[in-house]
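Asker: Following this message is one structure expressed as structure tokens.
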Amino acid sequence: MNDTLKNVEVLPRRDAVEEPLYEVRQKIYPRAVSGGFARWRVALVLATQIVFYGTPWLGWNGRQAVLFDLGARKFYVFGLVLWPQDFIYLTLLLVISALSLFSSPRWPGACGAATPARRRCTPRSSCGSSAGSRAIASAG
């Protein structure tokens, strides 16, 4: 039994040396952003906040301009009175409006961005080519 104890290596105790379990936290600093999109973002945030906080103070036909009367189940949006069953029409209108944005020829990819290079837009197409734009401008 003494022979087996002679071959055993004695290791230092682990609790004698304290090692941190986690790395020291490094602070993250946000980078300043500038440019056209940052200005648009700030302008739209301000506009939506003004609408959100300003519409309850607007008067319209003797009541608030935008009023969600949950007790009576009526929703007043300026001169429009919406009942709960009318929201399917409002939803359909909003979906159609959103989808019409993406089918508009003014957006990139609406007409021919994914088409092969050999296929070109004609003046009659709604691609917004220079000839088509001139024809539309002269007609209007």
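Ordering of the structure tokens sets the chain letters (A, B, ...); residue numbers start at 1 within each chain; ligands are numbered from 1 in the order shown.
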Give me, as an MDAnalysis selection string, all polymer residues having an atom no more than 12 Å from Val33 (chain A), counting only C-alpha atoms and skipping those fewer than 6 positions away in the same chain.
Answerer: chainID A and resid 39 41:42
Asker: Give me, as a short mmCIF file (atom, residue, chain, number, x, y, z; two decimals) with C-alpha atoms, in the first residue's frame, all polymer residues having an atom no more than 12 Å from region 51-61 of chain A, counting only C-alpha atoms and skipping those fewer than 2 positions away in the same chain.
Answerer:
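The resulting part24.cif:
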```cif
data_model
loop_
_atom_site.label_atom_id
_atom_site.label_comp_id
_atom_site.auth_asym_id
_atom_site.auth_seq_id
_atom_site.Cartn_x
_atom_site.Cartn_y
_atom_site.Cartn_z
CA LEU A 44 -41.44 60.85 -37.65
CA VAL A 45 -41.09 60.00 -33.97
CA LEU A 46 -41.84 63.62 -33.07
CA ALA A 47 -44.81 63.72 -35.45
CA THR A 48 -46.33 60.51 -34.10
CA GLN A 49 -45.83 61.65 -30.51
CA ARG A 63 -66.36 65.61 -28.03
CA GLN A 64 -62.78 64.45 -28.45
CA ALA A 65 -61.51 64.06 -31.99
CA VAL A 66 -60.28 60.52 -31.30
CA LEU A 67 -62.27 58.74 -28.62
CA PHE A 68 -62.45 55.04 -27.86
CA TYR A 76 -64.96 57.99 -32.74
CA VAL A 77 -62.23 58.99 -35.18
CA PHE A 78 -62.89 62.63 -36.09
CA GLY A 79 -66.32 62.56 -37.82
CA LEU A 80 -66.36 58.80 -38.29
CA VAL A 81 -68.17 56.55 -35.82
#
```
Asker: Going by DSSP on the backbone, which bits of region 5-106 of chain A are alpha helix (DSSP H)? Write them as a PyMOL selection string, please.
Answerer: chain A and resi 5-6+36-54+87-102
Asker: Tell me, in Å to one decimal, how far CA of Lys74 (chain A) is from CA of Thr91 (chain A).
Answerer: 16.4 Å
